[in-house]
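What's in entry_34.csv: CSV, C-alpha atoms and all ligand atoms
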```
chain,number,residue,atom,x,y,z
V,1,MET,CA,5.2,31.5,-4.7
V,2,THR,CA,4.1,29.0,-2.1
V,3,LYS,CA,2.6,25.8,-3.5
V,4,LYS,CA,-0.5,24.8,-1.5
V,5,PHE,CA,-1.5,21.2,-1.4
V,6,LYS,CA,-4.9,20.2,-0.2
V,7,ILE,CA,-4.8,16.8,1.6
V,8,ALA,CA,-7.9,14.8,2.6
V,9,VAL,CA,-7.0,13.0,5.8
V,10,ILE,CA,-8.9,9.8,6.7
V,11,PRO,CA,-7.4,8.3,9.9
V,12,GLY,CA,-10.0,5.5,10.1
V,13,ASP,CA,-9.8,3.1,13.0
V,14,GLY,CA,-7.5,1.6,15.6
V,15,VAL,CA,-3.8,2.4,15.1
V,16,GLY,CA,-4.7,4.2,11.8
V,17,LYS,CA,-5.6,7.3,13.9
V,18,GLU,CA,-2.3,7.1,15.8
V,19,VAL,CA,0.0,6.7,12.9
V,20,VAL,CA,-1.7,9.2,10.6
V,21,ALA,CA,-1.2,11.8,13.3
V,22,GLU,CA,2.5,11.0,13.3
V,23,GLY,CA,2.7,11.3,9.5
V,24,ILE,CA,1.1,14.8,9.7
V,25,LYS,CA,3.7,15.9,12.3
V,26,VAL,CA,6.4,15.0,9.8
V,27,LEU,CA,4.6,16.7,6.8
V,28,ASP,CA,4.1,19.8,8.9
V,29,HIS,CA,7.8,19.8,9.8
V,30,LEU,CA,8.8,19.6,6.1
V,31,ALA,CA,6.4,22.4,5.2
V,32,GLN,CA,7.8,24.6,7.9
V,33,GLU,CA,11.3,24.0,6.8
V,34,SER,CA,10.6,24.6,3.1
V,35,ASN,CA,10.9,28.3,3.5
V,36,GLY,CA,7.6,29.0,1.8
V,37,LYS,CA,8.1,26.6,-1.0
V,38,PHE,CA,5.0,24.6,-0.1
V,39,GLU,CA,2.4,24.1,2.5
V,40,PHE,CA,-0.3,21.6,3.3
V,41,GLU,CA,-3.9,22.3,4.1
V,42,TYR,CA,-5.7,19.3,5.7
V,43,ASP,CA,-9.3,18.4,6.0
V,44,HIS,CA,-10.0,15.5,8.4
V,45,TYR,CA,-12.8,13.1,7.7
V,46,PRO,CA,-14.1,10.9,10.5
V,47,TRP,CA,-15.1,7.9,8.3
V,48,GLY,CA,-14.5,4.4,9.5
V,49,CYS,CA,-16.1,1.8,11.7
V,50,GLU,CA,-17.1,4.2,14.5
V,51,TYR,CA,-18.8,6.3,11.9
V,52,TYR,CA,-20.5,3.1,10.6
V,53,LEU,CA,-21.8,2.2,14.0
V,54,GLU,CA,-23.4,5.6,14.3
V,55,HIS,CA,-24.6,6.2,10.7
V,56,GLY,CA,-24.9,2.7,9.2
V,57,LYS,CA,-22.4,3.4,6.5
V,58,MET,CA,-18.6,3.7,6.4
V,59,ILE,CA,-18.5,7.0,4.5
V,60,SER,CA,-21.0,9.8,3.8
V,61,ASP,CA,-23.0,9.5,0.6
V,62,ASP,CA,-21.1,12.3,-1.1
V,63,GLY,CA,-17.8,11.2,0.4
V,64,VAL,CA,-16.0,9.7,-2.6
V,65,GLU,CA,-17.1,12.6,-4.8
V,66,LYS,CA,-15.7,15.1,-2.2
V,67,MET,CA,-12.3,13.5,-2.5
V,68,ARG,CA,-12.0,14.8,-6.1
V,69,ASP,CA,-11.2,18.3,-4.7
V,70,TYR,CA,-8.0,17.2,-3.1
V,71,ASP,CA,-4.4,16.8,-4.4
V,72,ALA,CA,-4.0,13.6,-2.4
V,73,ILE,CA,-5.6,11.4,0.3
V,74,TYR,CA,-3.7,10.3,3.4
V,75,PHE,CA,-5.3,7.2,4.8
V,76,GLY,CA,-4.9,5.3,8.1
V,77,ALA,CA,-6.6,1.9,8.3
V,78,VAL,CA,-10.0,0.4,8.8
V,79,GLY,CA,-11.3,-2.4,10.8
V,80,PHE,CA,-13.0,-2.7,14.2
V,81,PRO,CA,-14.1,-5.6,16.4
V,82,GLY,CA,-17.9,-5.9,15.8
V,83,VAL,CA,-17.9,-4.7,12.2
V,84,PRO,CA,-17.4,-7.5,9.6
V,85,ASP,CA,-14.1,-6.9,7.8
V,86,HIS,CA,-15.8,-7.2,4.4
V,87,VAL,CA,-18.1,-4.4,5.4
V,88,SER,CA,-15.4,-2.0,6.5
V,89,LEU,CA,-13.1,-2.8,3.6
V,90,TRP,CA,-15.7,-2.5,0.8
V,91,GLY,CA,-17.5,0.4,2.6
V,92,LEU,CA,-14.5,2.7,2.7
V,93,ARG,CA,-11.1,1.7,1.3
V,94,LEU,CA,-12.4,-0.1,-1.8
V,95,ALA,CA,-15.2,2.5,-2.3
V,96,ILE,CA,-12.5,5.2,-2.6
V,97,CYS,CA,-10.0,3.1,-4.7
V,98,GLN,CA,-12.6,1.9,-7.1
V,99,GLY,CA,-14.7,5.1,-7.1
V,100,LEU,CA,-11.6,7.2,-8.0
V,101,ASP,CA,-10.2,4.6,-10.3
V,102,GLN,CA,-6.9,4.3,-8.4
V,103,TRP,CA,-6.0,1.3,-10.5
V,104,ALA,CA,-2.4,0.9,-9.6
V,105,ASN,CA,-1.3,0.0,-6.1
V,106,ILE,CA,2.5,0.3,-5.4
V,107,ARG,CA,4.0,-1.5,-2.6
V,108,PRO,CA,7.8,-1.2,-2.2
V,109,VAL,CA,9.7,-3.9,-0.4
V,110,GLU,CA,13.0,-2.8,1.3
V,111,PHE,CA,15.2,-4.0,4.0
V,112,LEU,CA,15.8,-1.1,6.4
V,113,PRO,CA,19.1,-0.9,8.2
V,114,GLY,CA,18.9,-2.0,11.9
V,115,VAL,CA,15.6,-3.8,11.5
V,116,PRO,CA,15.8,-7.5,12.3
V,117,ARG,CA,14.8,-9.2,9.1
V,118,ARG,CA,13.4,-12.7,8.5
V,119,ILE,CA,15.7,-13.4,5.6
V,120,THR,CA,19.2,-14.7,5.6
V,121,HIS,CA,20.2,-13.3,2.2
V,122,PRO,CA,23.9,-12.1,2.3
V,123,ASP,CA,23.1,-9.0,0.3
V,124,ALA,CA,19.8,-8.2,2.0
V,125,ASP,CA,20.9,-4.6,2.8
V,126,ASN,CA,20.9,-3.8,-0.9
V,127,LEU,CA,17.8,-5.7,-1.9
V,128,ASN,CA,14.7,-3.9,-2.8
V,129,TRP,CA,11.8,-4.5,-5.2
V,130,ILE,CA,8.4,-3.0,-6.0
V,131,LEU,CA,5.3,-5.0,-6.0
V,132,ILE,CA,2.6,-3.5,-8.4
V,133,ARG,CA,-0.9,-4.6,-7.6
V,134,GLU,CA,-3.8,-4.4,-10.0
V,135,ASN,CA,-6.2,-2.4,-7.9
V,136,SER,CA,-9.5,-2.1,-9.8
V,137,GLU,CA,-10.7,-5.6,-10.8
V,138,GLY,CA,-9.5,-9.2,-10.8
V,139,GLU,CA,-10.6,-11.1,-7.7
V,140,TYR,CA,-11.9,-7.9,-6.1
V,141,SER,CA,-14.5,-7.2,-8.8
V,142,GLY,CA,-17.2,-7.7,-6.3
V,143,ILE,CA,-19.2,-9.8,-8.7
V,144,GLY,CA,-21.1,-12.7,-7.3
V,145,GLY,CA,-23.9,-13.6,-5.0
V,146,ARG,CA,-25.2,-15.8,-2.3
V,147,ASN,CA,-28.2,-17.8,-1.6
V,148,PHE,CA,-29.2,-19.3,-4.9
V,149,ASP,CA,-29.3,-23.0,-4.7
V,150,GLY,CA,-27.4,-23.9,-7.8
V,151,ARG,CA,-27.4,-27.6,-7.2
V,152,GLY,CA,-30.9,-28.1,-5.8
V,153,GLU,CA,-29.6,-29.6,-2.6
V,154,GLY,CA,-31.1,-27.0,-0.2
V,155,LYS,CA,-27.7,-25.7,0.7
V,156,GLU,CA,-26.4,-22.3,0.3
V,157,VAL,CA,-24.2,-21.6,-2.6
V,158,ALA,CA,-21.9,-18.6,-3.1
V,159,VAL,CA,-20.4,-17.4,-6.3
V,160,GLN,CA,-17.4,-15.1,-6.4
V,161,THR,CA,-16.3,-14.0,-9.8
V,162,SER,CA,-12.9,-12.6,-10.9
V,163,LEU,CA,-13.1,-10.1,-13.7
V,164,PHE,CA,-10.1,-9.6,-16.0
V,165,THR,CA,-10.5,-7.1,-18.8
V,166,GLU,CA,-7.9,-6.6,-21.6
V,167,LYS,CA,-7.9,-2.9,-20.7
V,168,GLY,CA,-7.4,-3.5,-17.0
V,169,CYS,CA,-4.6,-6.0,-17.6
V,170,GLU,CA,-2.9,-3.9,-20.2
V,171,ARG,CA,-2.8,-0.7,-18.2
V,172,ILE,CA,-1.3,-2.3,-15.1
V,173,ILE,CA,1.2,-4.3,-17.1
V,174,ARG,CA,2.3,-1.3,-19.1
V,175,PHE,CA,2.6,0.6,-15.8
V,176,ALA,CA,5.0,-2.1,-14.6
V,177,PHE,CA,7.1,-1.9,-17.7
V,178,GLU,CA,7.3,1.9,-17.4
V,179,THR,CA,8.3,1.6,-13.7
V,180,ALA,CA,11.0,-1.0,-14.6
V,181,ARG,CA,12.5,1.6,-17.1
V,182,THR,CA,13.1,4.0,-14.2
V,183,ARG,CA,15.2,1.4,-12.3
V,184,LYS,CA,18.8,0.4,-12.6
V,185,ARG,CA,17.9,-3.2,-13.4
V,186,LYS,CA,15.1,-3.3,-15.9
V,187,LYS,CA,13.1,-6.4,-15.2
V,188,VAL,CA,9.4,-7.2,-14.8
V,189,THR,CA,8.1,-10.4,-13.2
V,190,SER,CA,4.5,-11.3,-13.9
V,191,VAL,CA,2.6,-13.5,-11.4
V,192,THR,CA,-0.6,-15.4,-12.1
V,193,LYS,CA,-2.0,-18.9,-11.6
V,194,SER,CA,-2.9,-19.3,-15.2
V,195,ASN,CA,-2.6,-23.1,-15.1
V,196,ALA,CA,-5.6,-23.3,-12.9
V,197,GLN,CA,-7.4,-20.0,-13.7
V,198,GLN,CA,-7.8,-20.7,-17.3
V,199,TYR,CA,-9.7,-17.7,-18.5
V,200,GLY,CA,-8.8,-14.4,-16.8
V,201,MET,CA,-5.2,-15.2,-16.0
V,202,VAL,CA,-4.6,-16.7,-19.4
V,203,LEU,CA,-5.8,-13.4,-20.9
V,204,TRP,CA,-3.4,-11.6,-18.4
V,205,ASP,CA,-0.5,-13.8,-19.7
V,206,GLU,CA,-1.4,-13.0,-23.3
V,207,VAL,CA,-1.5,-9.3,-22.7
V,208,PHE,CA,1.8,-9.5,-20.8
V,209,GLU,CA,3.5,-11.2,-23.7
V,210,ARG,CA,2.1,-8.7,-26.2
V,211,VAL,CA,3.1,-5.6,-24.1
V,212,SER,CA,6.5,-7.0,-23.3
V,213,ARG,CA,7.4,-7.0,-27.1
V,214,GLU,CA,7.2,-3.2,-26.9
V,215,TYR,CA,9.8,-3.1,-24.2
V,216,PRO,CA,12.8,-5.1,-25.7
V,217,ASP,CA,15.1,-3.3,-23.2
V,218,VAL,CA,13.2,-4.8,-20.2
V,219,GLU,CA,13.9,-8.4,-19.1
V,220,THR,CA,10.8,-10.4,-18.2
V,221,ASP,CA,9.8,-13.6,-16.5
V,222,GLN,CA,6.5,-15.2,-15.6
V,223,TRP,CA,5.7,-17.2,-12.5
V,224,LEU,CA,2.8,-19.0,-10.8
V,225,VAL,CA,1.9,-17.4,-7.5
V,226,ASP,CA,2.7,-20.4,-5.4
V,227,ALA,CA,6.2,-20.7,-6.8
V,228,MET,CA,6.6,-16.9,-6.5
V,229,ALA,CA,5.9,-17.1,-2.7
V,230,ALA,CA,8.8,-19.5,-2.5
V,231,GLN,CA,10.9,-17.2,-4.7
V,232,PHE,CA,10.3,-14.2,-2.3
V,233,VAL,CA,12.0,-16.3,0.4
V,234,MET,CA,14.6,-18.2,-1.6
V,235,HIS,CA,15.8,-15.8,-4.3
V,236,PRO,CA,14.7,-12.3,-3.6
V,237,GLU,CA,17.7,-11.0,-5.6
V,238,GLU,CA,15.8,-12.0,-8.7
V,239,LEU,CA,13.0,-9.6,-8.0
V,240,GLU,CA,12.8,-6.0,-9.3
V,241,VAL,CA,9.3,-5.1,-10.4
V,242,VAL,CA,6.7,-7.7,-9.7
V,243,VAL,CA,3.2,-7.2,-11.2
V,244,ALA,CA,0.2,-9.3,-10.0
V,245,SER,CA,-3.5,-9.4,-9.8
V,246,ASN,CA,-5.4,-7.7,-6.9
V,247,LEU,CA,-5.5,-10.7,-4.5
V,248,PHE,CA,-2.2,-12.3,-5.3
V,249,ALA,CA,-0.3,-9.0,-5.0
V,250,ASP,CA,-2.0,-8.3,-1.7
V,251,ILE,CA,-0.9,-11.6,-0.3
V,252,LEU,CA,2.7,-11.2,-1.6
V,253,SER,CA,2.9,-7.8,-0.1
V,254,ASP,CA,2.3,-9.1,3.4
V,255,LEU,CA,4.9,-11.7,2.7
V,256,GLY,CA,7.4,-9.0,1.5
V,257,SER,CA,6.8,-6.8,4.5
V,258,ALA,CA,7.0,-9.7,7.0
V,259,LEU,CA,10.4,-10.7,5.4
V,260,SER,CA,11.7,-7.2,5.8
V,261,GLY,CA,10.7,-7.2,9.5
V,262,SER,CA,7.1,-6.2,10.2
V,263,LEU,CA,3.8,-5.2,8.6
V,264,GLY,CA,4.3,-1.9,10.5
V,265,ILE,CA,7.0,-0.7,8.1
V,266,ALA,CA,5.4,-1.3,4.7
V,267,SER,CA,4.2,1.7,2.7
V,268,SER,CA,1.8,1.9,-0.2
V,269,ALA,CA,0.3,4.2,-2.8
V,270,ASN,CA,-3.0,3.8,-4.6
V,271,LEU,CA,-2.5,5.7,-7.8
V,272,ASN,CA,-4.6,7.0,-10.6
V,273,PRO,CA,-1.5,7.2,-12.9
V,274,GLU,CA,-3.3,9.5,-15.4
V,275,GLY,CA,-3.8,12.1,-12.6
V,276,ARG,CA,-7.5,12.5,-13.3
V,277,THR,CA,-8.3,11.8,-9.7
V,278,PRO,CA,-6.3,12.2,-6.4
V,279,SER,CA,-4.2,9.2,-5.3
V,280,MET,CA,-4.3,7.7,-1.9
V,281,PHE,CA,-1.4,6.9,0.4
V,282,GLU,CA,-1.6,4.4,3.3
V,283,SER,CA,0.5,1.8,5.1
V,284,VAL,CA,0.0,-1.8,4.2
V,285,HIS,CA,-1.1,-2.9,7.7
V,286,GLY,CA,-4.6,-2.9,9.1
V,287,SER,CA,-6.1,-1.3,12.2
V,288,ALA,CA,-4.2,-3.7,14.5
V,289,PRO,CA,-6.8,-3.8,17.3
V,290,ASP,CA,-4.4,-5.8,19.5
V,291,ILE,CA,-2.1,-2.9,20.0
V,292,ALA,CA,-4.4,0.1,19.3
V,293,GLY,CA,-4.5,2.9,21.9
V,294,LYS,CA,-1.2,1.9,23.5
V,295,GLY,CA,1.0,4.4,21.7
V,296,ILE,CA,3.3,1.6,20.5
V,297,ALA,CA,2.3,1.2,16.9
V,298,ASN,CA,5.1,1.5,14.4
V,299,PRO,CA,4.5,4.7,12.4
V,300,ILE,CA,7.1,3.9,9.7
V,301,GLY,CA,4.7,2.4,7.2
V,302,THR,CA,2.5,5.4,7.3
V,303,ILE,CA,5.3,8.0,7.4
V,304,ASP,CA,7.0,6.2,4.5
V,305,SER,CA,3.7,6.4,2.6
V,306,ALA,CA,3.8,10.2,3.2
V,307,SER,CA,7.2,10.0,1.4
V,308,LEU,CA,5.4,8.3,-1.6
V,309,MET,CA,2.8,11.1,-1.4
V,310,LEU,CA,5.5,13.8,-1.5
V,311,ASP,CA,7.1,12.2,-4.5
V,312,HIS,CA,3.7,12.0,-6.2
V,313,LEU,CA,3.1,15.7,-5.5
V,314,GLY,CA,6.3,16.6,-7.3
V,315,LEU,CA,8.3,17.1,-4.1
V,316,GLU,CA,10.9,14.5,-5.1
V,317,GLU,CA,13.8,15.9,-3.0
V,318,GLU,CA,11.7,16.0,0.2
V,319,ALA,CA,10.4,12.5,-0.5
V,320,LYS,CA,13.9,11.2,-0.8
V,321,ALA,CA,15.1,13.1,2.3
V,322,LEU,CA,12.2,11.7,4.3
V,323,HIS,CA,13.0,8.2,3.2
V,324,GLU,CA,16.6,8.7,4.1
V,325,ALA,CA,15.6,10.0,7.6
V,326,ILE,CA,13.6,6.9,8.2
V,327,ARG,CA,16.6,4.7,7.2
V,328,ALA,CA,18.8,6.8,9.5
V,329,THR,CA,16.3,6.3,12.4
V,330,THR,CA,16.2,2.5,12.1
V,331,GLY,CA,19.9,2.4,11.5
V,332,LYS,CA,20.4,4.1,14.9
V,333,GLY,CA,18.2,1.4,16.6
V,334,ILE,CA,15.2,3.6,17.3
V,335,LEU,CA,12.7,0.8,16.8
V,336,THR,CA,9.2,0.0,18.0
V,337,ARG,CA,8.4,-3.3,19.7
V,338,ASP,CA,7.2,-5.1,16.5
V,339,ILE,CA,10.8,-4.8,15.1
V,340,GLY,CA,12.6,-5.7,18.3
V,341,GLY,CA,13.0,-2.3,19.9
V,342,ASN,CA,11.5,-0.6,23.0
V,343,TYR,CA,10.6,2.8,21.7
V,344,ASP,CA,7.1,4.2,21.4
V,345,THR,CA,5.3,5.6,18.4
V,346,GLU,CA,6.1,9.2,19.2
V,347,ASP,CA,9.8,8.5,19.9
V,348,VAL,CA,10.2,7.1,16.4
V,349,THR,CA,8.5,10.1,14.8
V,350,GLY,CA,10.6,12.5,16.9
V,351,ALA,CA,13.8,10.7,15.7
V,352,ILE,CA,12.7,10.8,12.1
V,353,ILE,CA,12.1,14.6,12.4
V,354,GLU,CA,15.5,15.1,14.0
V,355,ASN,CA,17.2,13.1,11.3
V,356,LEU,CA,15.3,15.1,8.7
V,357,SER,CA,17.0,18.2,10.0
V,358,VAL,CA,20.3,16.6,9.5
V,359,VAL,CA,19.7,15.4,5.9
V,360,THR,CA,17.8,18.5,4.6
G,1,LIG,P1,-6.6,-5.9,7.8
G,1,LIG,O1,-7.8,-6.9,7.7
G,1,LIG,O2,-7.1,-4.5,8.0
G,1,LIG,O3,-5.6,-6.1,6.8
G,1,LIG,P2,-5.2,-7.5,9.6
G,1,LIG,O4,-6.2,-8.4,10.3
G,1,LIG,O5,-4.5,-8.1,8.4
G,1,LIG,O6,-5.9,-6.2,9.2
G,1,LIG,P3,-3.3,-5.9,10.9
G,1,LIG,O7,-4.0,-4.8,11.5
G,1,LIG,O8,-2.6,-5.6,9.6
G,1,LIG,O9,-4.2,-7.1,10.7
G,1,LIG,O10,-2.3,-6.5,11.9
G,1,LIG,C1,-1.7,-7.8,11.8
G,1,LIG,C2,-0.6,-7.9,12.9
G,1,LIG,O11,0.5,-7.0,12.6
G,1,LIG,C3,-1.1,-7.6,14.3
G,1,LIG,O12,-0.5,-8.5,15.2
G,1,LIG,C4,-0.7,-6.2,14.5
G,1,LIG,O13,-0.5,-5.9,15.9
G,1,LIG,C5,0.6,-6.1,13.7
G,1,LIG,N1,0.7,-4.7,13.2
G,1,LIG,C6,0.0,-4.2,12.2
G,1,LIG,N2,0.4,-2.9,12.1
G,1,LIG,C7,1.3,-2.6,13.0
G,1,LIG,C8,2.0,-1.4,13.3
G,1,LIG,N3,1.9,-0.3,12.7
G,1,LIG,N4,3.0,-1.5,14.3
G,1,LIG,C9,3.1,-2.7,15.0
G,1,LIG,N5,2.5,-3.8,14.7
G,1,LIG,C10,1.6,-3.8,13.7
G,2,MG,MG,-4.2,-7.8,6.1
```
Show me, as structure tokens, the structure contained in the file I just sent.
Ligand code: ATP
Ligand code: MG
Amino acid sequence: MTKKFKIAVIPGDGVGKEVVAEGIKVLDHLAQESNGKFEFEYDHYPWGCEYYLEHGKMISDDGVEKMRDYDAIYFGAVGFPGVPDHVSLWGLRLAICQGLDQWANIRPVEFLPGVPRRITHPDADNLNWILIRENSEGEYSGIGGRNFDGRGEGKEVAVQTSLFTEKGCERIIRFAFETARTRKRKKVTSVTKSNAQQYGMVLWDEVFERVSREYPDVETDQWLVDAMAAQFVMHPEELEVVVASNLFADILSDLGSALSGSLGIASSANLNPEGRTPSMFESVHGSAPDIAGKGIANPIGTIDSASLMLDHLGLEEEAKALHEAIRATTGKGILTRDIGGNYDTEDVTGAIIENLSVVT
């Protein structure tokens, strides 16, 4: 019997629209080639900054609830000149992540063959690690306010509070340990700044130490985020599964993708690991207004995110084949401009589809 997957598609703004369209081409190709094993049914939603400029909101009032009907969400990017970034981010992406309790954000770092990398490590071809980002609280709790004059000086004051709950820390740390158990080298690195953030991040550290005792087979270490930024560059061979708070992991993931060549190739998954709500798949990069509309955006981050989506939907073989097809494509030098090539967005997708036919 044909498995039918219902996918909500939110292309968003800028290059988001272009790269999501490429990802769907690849998904359609895989479904066609599956000989009736599975098919995808898409609903497109026009949410994003253009929707905001027309309707005064980034997503319709019932939007987040509507998403519950789907097996997965495929997301482009948000951001548009003229709409403040915090409005677009909170209004759509974070509304969905937090509304659907997608509390684990997975961001793999890998060095694709043929892609000029900004790392001189002799074994870079074989390096890869997974960054696991706490995706529901921490520095993105949204708690705070402006305009109260706390010091009586007639100047504005802003308060931005991080929220760390034992439950929130424990579930993401446990998820990191479970992920480590699926890998050849079983190691979890925890990243905080608990010397300076003496409440929330000390709680995180305590939970990490407690949970780690349940996983004696998993090696651990604990780092401060500033030292970890240096470690990404100096000793990436030490990294396997890295777990960090919402803000720190966001910053480290841009560093990881830049090291591996470009923001354009980094994929990510926002998961509700319990499977109570649909998970959302998107590239790490933003709407890239500087290159939008030119047909030159790198589609790999978004297409590789579709591979994470396939894996999540139980199509593990197809997920692996797609990832291999991406590697084969870059290995043959079919690269967009951001990674030193001269190919357009559609050329790269075409080559990935061609390579898929070879590997499947
Ligand atoms: P956001 O606030 O949404 O995270 P941002 O301001 O961090 O966005 P991005 O949109 O991620 O910015 O772009 C950062 C840089 O990376 C830009 O120069 C952009 O052109 C480049 N870039 C991002 N995505 C891609 C892509 N898919 N292909 C090529 N270059 C990209
Ligand atoms: Mg960014």
**Report entry** Shell of 10 Å around V:Ala124, only C-alpha atoms, local chain residues under 2 positions omitted, as a ChimeraX atom specification
**Finding:** /V:110-113,117,119-122,126-128,236-237,260
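Within 12 Å of V:Glu324, once all atoms listed in the file are used and residues closer than 6 positions along the same chain are dropped, the contacting residues are Leu112, Pro113, Ile303, Asp304, Ser307, Glu317, Glu318, Thr330, Gly331, Ile352, Ile353, Glu354, Asn355, Leu356, Ser357, Val358, Val359 and Thr360 of chain V.
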Report task. Name the residues, by chain letter and number, that sit within 12 Å of ligand MG 2 (chain G) using all atoms listed in the file, and give them as an MDAnalysis selection string. Result -> chainID V and resid 77:79 85:86 89 247 249:255 257:258 263:264 266 283:288
Query raised in the report: Using all atoms listed in the file, which residue out of V:Glu209, V:Ala196, V:Asn270, V:Tyr45 lies closest to V:Lys17?
Result: V:Tyr45
Query raised in the report: Looking at V:Leu271, V:Ile265, V:Ile143, V:Val218, which one is nearest to ligand LIG 1 (chain G), with distances taken over all atoms listed in the file?
Result: V:Ile265
**Report entry** Å distance separating atom CA of V:Met309 from atom CA of V:Phe232, one decimal place
**Finding:** 26.4 Å
Query - Shortest interatomic distance to V:Asp62 - which of V:Leu322, V:Met1, V:Val243, V:Ile96, counting only C-alpha atoms - result: V:Ile96
Requested in this report: Have a look at V:Lys193, V:Arg210, V:Lys6, V:His323 and name the one nearest to V:His44; count only C-alpha atoms.
Outcome: V:Lys6
Query raised in the report: Separation of atom CA of V:Glu282 and atom CA of V:Gly76, in Å?
Result: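 Going from atom CA of V:Glu282 over to atom CA of V:Gly76, I get 5.9 Å.
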Query raised in the report: In Å to one decimal, how far is atom CA of V:Ser88 from atom CA of V:Gly293?
Result: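 Separating atom CA of V:Gly293 from atom CA of V:Ser88 is a distance of 19.5 Å.
Using all atoms listed in the file for every distance, the candidate list V:Ala230, V:Ala244, V:Ala180, V:Leu224 yields V:Leu224 as the residue closest to V:Asn195.
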Query raised in the report: Smallest atom-to-atom distance to V:Thr277: which of V:Asp217, V:Glu156, V:Glu65, V:Asp347, using all atoms listed in the file?
Result: V:Glu65
**Report entry** Selection: 12 Å around V:Arg185, all atoms listed in the file, excl. self and same-chain fewer than 2 positions, as JSON, numbers by chain
**Finding:** {"V": [127, 128, 129, 177, 179, 180, 181, 182, 183, 187, 188, 217, 218, 219, 220, 237, 238, 239, 240, 241]}
Requested in this report: List every protein, DNA or RNA residue with an atom no more than 8 Å from (14.3, 3.0, 13.2) in the file's coordinates, counting all atoms listed in the file, and format the result as a PyMOL selection string.
Outcome: chain V and resi 113-115+326-336+348
